[in-house]
>>> print(open('model.csv').read())   # CSV, C-alpha atoms
chain,number,residue,atom,x,y,z
N,8,MET,CA,-53.7,87.1,-56.8
N,9,LYS,CA,-56.2,85.5,-54.4
N,10,LYS,CA,-59.3,87.5,-53.6
N,11,THR,CA,-61.5,85.7,-51.1
N,12,LEU,CA,-65.1,86.5,-50.6
N,13,VAL,CA,-67.4,84.9,-48.0
N,14,LEU,CA,-70.6,84.1,-49.8
N,15,PHE,CA,-73.8,82.6,-48.4
N,16,THR,CA,-76.4,80.7,-50.3
N,17,ILE,CA,-80.0,82.0,-50.1
N,18,HIS,CA,-81.6,80.7,-46.9
N,19,TYR,CA,-85.1,79.2,-47.4
N,20,SER,CA,-85.6,78.9,-43.7
N,21,LEU,CA,-85.5,82.6,-43.3
N,22,PHE,CA,-88.5,83.2,-45.5
N,23,THR,CA,-90.3,80.2,-44.0
N,24,SER,CA,-90.1,81.7,-40.6
N,25,LEU,CA,-91.6,84.8,-41.9
N,26,ASN,CA,-94.6,82.8,-43.3
N,27,ALA,CA,-93.5,83.4,-46.9
N,28,GLY,CA,-96.1,82.3,-49.4
N,29,LEU,CA,-95.7,79.7,-52.2
N,30,THR,CA,-94.9,82.4,-54.8
N,31,ASP,CA,-92.0,83.6,-52.7
N,32,PHE,CA,-90.6,80.1,-52.4
N,33,LYS,CA,-90.7,79.7,-56.1
N,34,THR,CA,-89.1,83.1,-56.6
N,35,ILE,CA,-86.3,82.2,-54.1
N,36,GLU,CA,-85.7,78.9,-55.9
N,37,GLN,CA,-85.5,80.7,-59.3
N,38,ALA,CA,-83.1,83.3,-57.8
N,39,ASN,CA,-80.9,80.6,-56.3
N,40,SER,CA,-80.9,78.7,-59.6
N,41,ALA,CA,-80.0,81.9,-61.5
N,42,TYR,CA,-77.2,82.5,-59.0
N,43,GLU,CA,-75.8,79.0,-59.4
N,44,ALA,CA,-76.0,79.4,-63.2
N,45,LYS,CA,-74.0,82.7,-62.8
N,46,ASP,CA,-76.9,84.7,-64.1
N,47,PHE,CA,-76.4,87.3,-61.4
N,48,THR,CA,-78.5,90.0,-63.0
N,49,LYS,CA,-81.5,87.7,-63.1
N,50,SER,CA,-80.9,86.6,-59.5
N,51,THR,CA,-80.7,90.2,-58.3
N,52,ALA,CA,-83.9,91.1,-60.1
N,53,LEU,CA,-85.8,88.1,-58.6
N,54,LEU,CA,-84.5,88.8,-55.1
N,55,LYS,CA,-85.6,92.5,-55.4
N,56,SER,CA,-89.1,91.3,-56.4
N,57,LEU,CA,-89.7,89.7,-53.0
N,58,ASP,CA,-92.0,91.7,-50.8
N,59,ALA,CA,-90.2,91.0,-47.6
N,60,GLU,CA,-87.6,93.6,-46.6
N,61,THR,CA,-85.0,91.8,-44.4
N,62,PRO,CA,-81.3,92.0,-43.8
N,63,GLN,CA,-80.8,88.6,-45.3
N,64,LYS,CA,-82.5,89.7,-48.5
N,65,GLN,CA,-80.3,92.8,-48.8
N,66,TYR,CA,-77.2,90.7,-48.0
N,67,ASP,CA,-78.1,88.1,-50.7
N,68,ILE,CA,-78.8,91.0,-53.2
N,69,GLY,CA,-75.3,92.3,-52.3
N,70,ASN,CA,-73.7,89.0,-53.0
N,71,ALA,CA,-75.4,88.8,-56.4
N,72,LEU,CA,-74.4,92.4,-57.3
N,73,TYR,CA,-70.9,91.7,-56.2
N,74,LYS,CA,-70.7,88.6,-58.5
N,75,ASP,CA,-72.2,90.9,-61.3
N,76,LYS,CA,-69.2,93.3,-60.7
N,77,LYS,CA,-71.6,96.0,-59.7
N,78,TYR,CA,-69.5,96.9,-56.6
N,79,ASP,CA,-71.0,100.3,-55.7
N,80,ASP,CA,-74.5,98.8,-55.6
N,81,ALA,CA,-73.2,95.8,-53.7
N,82,ILE,CA,-71.7,98.1,-51.0
N,83,LYS,CA,-75.1,99.8,-50.7
N,84,ALA,CA,-76.9,96.5,-50.3
N,85,TYR,CA,-74.4,95.3,-47.7
N,86,LYS,CA,-74.8,98.5,-45.7
N,87,GLN,CA,-78.6,97.9,-45.6
N,88,ALA,CA,-78.1,94.3,-44.4
N,89,LYS,CA,-77.6,95.3,-40.8
N,90,GLY,CA,-78.4,92.3,-38.6
N,91,ILE,CA,-76.2,89.9,-40.5
N,92,ASP,CA,-73.0,88.9,-38.7
N,93,GLU,CA,-71.1,92.2,-38.6
N,94,ALA,CA,-67.6,90.8,-39.2
N,95,THR,CA,-68.9,88.9,-42.3
N,96,ARG,CA,-70.8,91.9,-43.6
N,97,LEU,CA,-67.7,94.1,-43.2
N,98,HIS,CA,-65.5,91.5,-44.9
N,99,ASN,CA,-67.7,91.6,-48.0
N,100,ILE,CA,-67.8,95.4,-48.0
N,101,GLY,CA,-64.0,95.4,-47.8
N,102,ASN,CA,-63.9,93.0,-50.7
N,103,SER,CA,-66.1,95.4,-52.8
N,104,HIS,CA,-63.7,98.3,-52.0
N,105,PHE,CA,-60.7,96.0,-52.9
N,106,MET,CA,-62.2,95.2,-56.3
N,107,LYS,CA,-62.7,98.9,-57.0
N,108,ASN,CA,-59.0,99.4,-56.1
N,109,GLU,CA,-60.0,101.5,-53.2
N,110,LEU,CA,-57.3,100.0,-51.1
N,111,ASP,CA,-57.3,102.4,-48.2
N,112,LYS,CA,-61.1,101.8,-47.6
N,113,ALA,CA,-60.6,98.1,-48.0
N,114,ILE,CA,-57.8,98.0,-45.5
N,115,SER,CA,-59.8,100.1,-43.0
N,116,THR,CA,-62.9,97.9,-43.4
N,117,TYR,CA,-60.9,94.6,-43.0
N,118,GLU,CA,-59.3,96.0,-39.8
N,119,LYS,CA,-62.7,96.8,-38.4
N,120,ALA,CA,-63.9,93.2,-39.2
N,121,LEU,CA,-60.8,91.7,-37.5
N,122,LYS,CA,-61.4,93.8,-34.4
N,123,LEU,CA,-64.8,92.1,-34.1
N,124,LYS,CA,-63.6,88.6,-35.0
N,125,GLU,CA,-60.4,87.1,-36.1
N,126,ASP,CA,-60.8,85.4,-39.5
N,127,GLU,CA,-58.1,83.8,-41.6
N,128,GLU,CA,-59.6,84.9,-45.0
N,129,THR,CA,-60.1,88.5,-43.7
N,130,ARG,CA,-56.5,88.6,-42.4
N,131,PHE,CA,-55.3,87.2,-45.8
N,132,ASN,CA,-57.2,89.9,-47.7
N,133,LEU,CA,-55.9,92.6,-45.4
N,134,GLU,CA,-52.3,91.6,-46.0
N,135,LEU,CA,-53.0,91.3,-49.7
N,136,ALA,CA,-54.5,94.8,-49.8
N,137,LYS,CA,-51.5,96.2,-47.9
N,138,LYS,CA,-49.0,94.5,-50.2
N,139,LEU,CA,-50.8,95.7,-53.3
N,140,LYS,CA,-51.0,99.2,-51.9
N,141,LYS,CA,-47.2,99.1,-51.3
N,142,GLN,CA,-46.6,97.9,-54.8
N,143,GLN,CA,-48.7,100.7,-56.2
N,144,GLU,CA,-46.9,103.3,-54.1
N,145,GLU,CA,-43.6,102.0,-55.2
N,146,GLN,CA,-44.7,101.9,-58.8
N,147,LYS,CA,-46.1,105.4,-58.5
N,148,LYS,CA,-42.8,106.6,-56.9
N,149,GLN,CA,-40.9,105.0,-59.8
N,150,GLU,CA,-43.1,106.6,-62.3
N,151,GLN,CA,-42.7,110.0,-60.6
N,152,GLU,CA,-38.9,109.5,-60.6
N,153,LYS,CA,-39.0,108.5,-64.2
N,154,ASN,CA,-41.1,111.5,-65.1
N,155,GLU,CA,-38.7,113.7,-63.2
N,156,LYS,CA,-35.8,112.2,-65.0
N,157,ASN,CA,-37.5,112.5,-68.3
N,158,LYS,CA,-38.4,116.1,-67.4
N,159,ASP,CA,-34.8,116.9,-66.5
N,160,LYS,CA,-33.6,115.1,-69.6
N,161,LYS,CA,-36.0,117.1,-71.8
N,162,GLU,CA,-35.0,120.3,-70.1
N,163,ASN,CA,-31.3,119.5,-70.7
N,164,GLN,CA,-32.1,118.6,-74.2
N,165,ASP,CA,-34.1,121.8,-74.7
N,166,LYS,CA,-31.3,123.8,-73.1
N,167,LYS,CA,-28.7,122.1,-75.4
N,168,GLU,CA,-30.8,122.7,-78.4
N,169,GLN,CA,-31.2,126.4,-77.4
N,170,GLN,CA,-27.5,126.7,-76.9
N,171,GLN,CA,-26.8,125.2,-80.3
N,172,LYS,CA,-29.4,127.5,-81.9
N,173,ASN,CA,-27.7,130.5,-80.2
N,174,GLN,CA,-24.3,129.3,-81.4
N,175,ASP,CA,-25.7,128.8,-84.9
N,176,ASP,CA,-27.2,132.3,-84.9
N,177,LYS,CA,-23.9,133.7,-83.7
N,178,ASP,CA,-21.9,131.8,-86.4
N,179,LYS,CA,-24.4,133.0,-89.0
N,180,ASP,CA,-24.0,136.6,-87.9
N,181,LYS,CA,-20.3,136.2,-87.8
N,182,GLN,CA,-20.3,134.8,-91.4
N,183,GLU,CA,-22.7,137.5,-92.6
N,184,ASN,CA,-20.4,140.2,-91.1
N,185,LYS,CA,-17.4,138.5,-92.7
N,186,ASP,CA,-19.1,138.4,-96.1
N,187,LYS,CA,-20.1,142.0,-95.7
N,188,LYS,CA,-16.6,143.1,-94.9
N,189,GLN,CA,-15.3,141.1,-97.9
N,190,GLN,CA,-17.9,142.7,-100.2
N,191,ASP,CA,-17.0,146.1,-98.9
N,192,LYS,CA,-13.3,145.3,-99.5
N,193,ASP,CA,-14.0,144.1,-103.0
N,194,GLN,CA,-16.0,147.1,-103.7
N,195,LYS,CA,-13.3,149.4,-102.4
N,196,ASN,CA,-10.7,147.6,-104.5
N,197,LYS,CA,-12.9,147.9,-107.5
N,198,ASN,CA,-13.5,151.6,-106.9
N,199,GLU,CA,-9.7,152.2,-106.5
N,200,GLN,CA,-9.1,150.3,-109.8
N,201,ASP,CA,-11.7,152.3,-111.5
N,202,LYS,CA,-10.2,155.5,-110.2
N,203,LYS,CA,-6.7,154.5,-111.3
N,204,GLN,CA,-8.0,153.5,-114.7
N,205,LYS,CA,-9.8,156.8,-115.0
N,206,GLU,CA,-6.7,158.8,-114.0
N,207,LYS,CA,-4.6,156.8,-116.5
N,208,ASN,CA,-7.1,157.6,-119.2
N,209,ASN,CA,-7.1,161.3,-118.3
N,210,GLN,CA,-3.3,161.4,-118.4
N,211,GLY,CA,-3.3,159.8,-121.8
N,212,ASN,CA,-5.8,162.3,-123.1
N,213,GLU,CA,-3.7,165.2,-121.6
N,214,GLY,CA,-0.6,163.9,-123.3
N,215,LYS,CA,-2.3,163.9,-126.6
N,216,GLU,CA,-3.6,167.4,-126.1
N,217,GLY,CA,0.0,168.7,-125.3
N,218,GLU,CA,1.6,167.4,-128.5
N,219,ASN,CA,2.0,169.7,-131.5
N,220,PRO,CA,0.3,167.8,-134.2
N,221,GLN,CA,1.7,168.4,-137.7
N,222,PRO,CA,-0.7,170.4,-139.8
N,223,GLN,CA,-2.0,168.5,-142.7
N,224,GLU,CA,-1.2,170.0,-146.0
N,225,PRO,CA,-4.2,171.1,-147.8
N,226,GLN,CA,-5.2,169.2,-150.8
N,227,MET,CA,-4.1,170.9,-154.1
N,228,SER,CA,-5.3,170.5,-157.6
N,229,LYS,CA,-3.1,169.2,-160.3
N,230,GLU,CA,-2.6,172.7,-161.8
N,231,GLU,CA,-1.7,174.2,-158.4
N,232,LYS,CA,0.9,171.4,-157.9
N,233,GLN,CA,2.5,172.2,-161.3
N,234,LYS,CA,2.7,176.0,-160.5
N,235,GLU,CA,4.2,175.2,-157.1
N,236,GLN,CA,6.8,173.0,-158.7
N,237,GLU,CA,7.6,175.7,-161.3
N,238,LEU,CA,8.0,178.2,-158.5
N,239,LYS,CA,10.3,176.0,-156.6
N,240,ARG,CA,12.4,175.5,-159.8
N,241,LEU,CA,12.7,179.2,-160.4
N,242,MET,CA,13.6,179.9,-156.8
N,243,LYS,CA,16.3,177.3,-157.1
N,244,LYS,CA,17.8,178.9,-160.2
N,245,ALA,CA,17.6,182.3,-158.6
N,246,GLN,CA,19.6,181.1,-155.7
N,247,GLN,CA,22.2,179.7,-158.2
N,248,GLY,CA,22.4,183.2,-159.9
N,249,LYS,CA,21.2,182.1,-163.2
N,250,THR,CA,17.9,183.8,-163.3
N,251,PRO,CA,17.0,187.2,-161.9
N,252,PRO,CA,14.3,187.2,-159.3
N,253,MET,CA,11.2,187.8,-161.1
N,254,MET,CA,7.8,187.5,-159.7
N,255,TYR,CA,5.1,185.8,-161.7
N,256,GLN,CA,1.5,186.2,-161.0
N,257,MET,CA,0.2,182.8,-160.0
N,258,GLY,CA,-2.7,181.7,-162.0
N,259,GLY,CA,-2.1,184.3,-164.8
N,260,GLU,CA,-1.8,183.3,-168.4
N,261,SER,CA,0.7,186.0,-169.4
N,262,LYS,CA,4.0,187.0,-167.7
N,263,PRO,CA,3.9,190.2,-165.7
N,264,LYS,CA,5.5,193.3,-167.1
N,265,ARG,CA,8.9,194.4,-165.8
N,266,SER,CA,8.6,197.4,-163.7
N,267,GLU,CA,10.6,200.3,-164.9
N,268,ASP,CA,11.8,201.0,-161.4
N,269,VAL,CA,13.3,197.6,-161.1
N,270,LYS,CA,16.9,197.4,-162.2
N,271,PRO,CA,18.1,194.2,-163.9
N,272,TRP,CA,20.8,192.2,-162.4
>>> encode(input="model.csv", output="structure tokens")
Amino acid sequence: MKKTLVLFTIHYSLFTSLNAGLTDFKTIEQANSAYEAKDFTKSTALLKSLDAETPQKQYDIGNALYKDKKYDDAIKAYKQAKGIDEATRLHNIGNSHFMKNELDKAISTYEKALKLKEDEETRFNLELAKKLKKQQEEQKKQEQEKNEKNKDKKENQDKKEQQQKNQDDKDKDKQENKDKKQQDKDQKNKNEQDKKQKEKNNQGNEGKEGENPQPQEPQMSKEEKQKEQELKRLMKKAQQGKTPPMMYQMGGESKPKRSEDVKPW
């Protein structure tokens, strides 16, 4: 990218015409040498130390400040250099705005300079500033479109994620309801099984209670068993007609006496 700046060397004749002293000539020489050596800060300081206040001094200070990339200070110095060729001064002010990327101000200043005098370098810088401005506007537009696209993409992505989240929540609730229903069903089946088992147990207990259990014979001593057997033997003989029915006193040692009122067989 070509950036053209019209620069002028420091004019010794200007200060001579103002009856500059020997010290001023030495300062001007030092300032010029520093400028040529690209020590623009030193050149600016030496120029500012001169006592004379002239448009040429401010213009040369502006050039040194421009080379030192101090564009704001350069613009101020150029504006104080009224009396220098106006088209040239405006050209350099336009260059300072251009370097600050203040393209609208640069374009406006170049156009003012061209109204005063047509200049090839000023015209070139004007077209360059317009071209750069157009590129920046197109780039800005592309960035805005890209940002809008990214914004829409992000919104769509967020919307999609939210829909997925809602679906996941819905599926989760559905599964929880399904699990709960299954748990309720399992619990109901378990309760029914417990109830049936309880009824079955109750019916079994009632059946046992309805039965007539055989009474257990009481335990007898050996002597009682012998007497019972003897009694059964006598009863058997009595039934056969061999022995009259006589009653014996169980547990007695002697036979009972025959009652006088009882008649024998």
>>> atom_distance(input="model.csv", atom1="atom CA of N:Asp178", atom2="atom CA of N:Lys161")
25.1 Å
>>> atom_distance(input="model.csv", atom1="atom CA of N:Ala94", atom2="atom CA of N:Leu123")
6.0 Å
>>> atom_distance(input="model.csv", atom1="atom CA of N:Lys137", atom2="atom CA of N:Asp111")
8.5 Å
>>> residues_around(input="model.csv", residues="stretch 56-62 of chain N", least_positions_apart="4", cutoff="8 Å", atoms="only C-alpha atoms", output="mmCIF file with C-alpha atoms, in the frame of the given file")
data_model
loop_
_atom_site.group_PDB
_atom_site.id
_atom_site.type_symbol
_atom_site.label_atom_id
_atom_site.label_comp_id
_atom_site.auth_asym_id
_atom_site.auth_seq_id
_atom_site.Cartn_x
_atom_site.Cartn_y
_atom_site.Cartn_z
ATOM 1 C CA ASP N 31 -92.000 83.600 -52.700
ATOM 2 C CA THR N 34 -89.100 83.100 -56.600
ATOM 3 C CA ALA N 52 -83.900 91.100 -60.100
ATOM 4 C CA TYR N 66 -77.200 90.700 -48.000
ATOM 5 C CA GLN N 87 -78.600 97.900 -45.600
ATOM 6 C CA ALA N 88 -78.100 94.300 -44.400
ATOM 7 C CA LYS N 89 -77.600 95.300 -40.800
ATOM 8 C CA GLY N 90 -78.400 92.300 -38.600
ATOM 9 C CA ILE N 91 -76.200 89.900 -40.500
#
>>> residues_near_point(input="model.csv", point="(-71.7, 90.9, -55.0)", cutoff="6 Å", atoms="only C-alpha atoms", output="list in words")
Gly69, Asn70, Ala71, Leu72, Tyr73, Lys74 and Ala81 of chain N
>>> write_last_selection(input="model.csv", atoms="C-alpha atoms", output="PDB file, in the coordinates of the input")
ATOM      1  CA  GLY N  69     -75.300  92.300 -52.300  1.00  0.00           C
ATOM      2  CA  ASN N  70     -73.700  89.000 -53.000  1.00  0.00           C
ATOM      3  CA  ALA N  71     -75.400  88.800 -56.400  1.00  0.00           C
ATOM      4  CA  LEU N  72     -74.400  92.400 -57.300  1.00  0.00           C
ATOM      5  CA  TYR N  73     -70.900  91.700 -56.200  1.00  0.00           C
ATOM      6  CA  LYS N  74     -70.700  88.600 -58.500  1.00  0.00           C
ATOM      7  CA  ALA N  81     -73.200  95.800 -53.700  1.00  0.00           C
TER       8      ALA N  81
END
>>> residues_around(input="model.csv", residues="N:Leu110", least_positions_apart="5", cutoff="9 Å", atoms="only C-alpha atoms", output="list in words")
Gly101, His104, Phe105, Ser115, Ala136, Lys137, Leu139 and Lys140 of chain N
>>> write_last_selection(input="model.csv", atoms="C-alpha atoms", output="PDB file, in the frame of the given file")
ATOM      1  CA  GLY N 101     -64.000  95.400 -47.800  1.00  0.00           C
ATOM      2  CA  HIS N 104     -63.700  98.300 -52.000  1.00  0.00           C
ATOM      3  CA  PHE N 105     -60.700  96.000 -52.900  1.00  0.00           C
ATOM      4  CA  SER N 115     -59.800 100.100 -43.000  1.00  0.00           C
ATOM      5  CA  ALA N 136     -54.500  94.800 -49.800  1.00  0.00           C
ATOM      6  CA  LYS N 137     -51.500  96.200 -47.900  1.00  0.00           C
ATOM      7  CA  LEU N 139     -50.800  95.700 -53.300  1.00  0.00           C
ATOM      8  CA  LYS N 140     -51.000  99.200 -51.900  1.00  0.00           C
TER       9      LYS N 140
END
>>> residues_near_point(input="model.csv", point="(-57.7, 88.7, -46.3)", cutoff="12 Å", atoms="only C-alpha atoms", output="PyMOL selection string")
chain N and resi 8-13+95+97-99+101-102+105+113-114+116-118+120-121+125-138
>>> closest_residue(input="model.csv", among="N:Met106, N:Ile68, N:Leu238, N:Ala245", to="N:Lys49", atoms="only C-alpha atoms")
N:Ile68
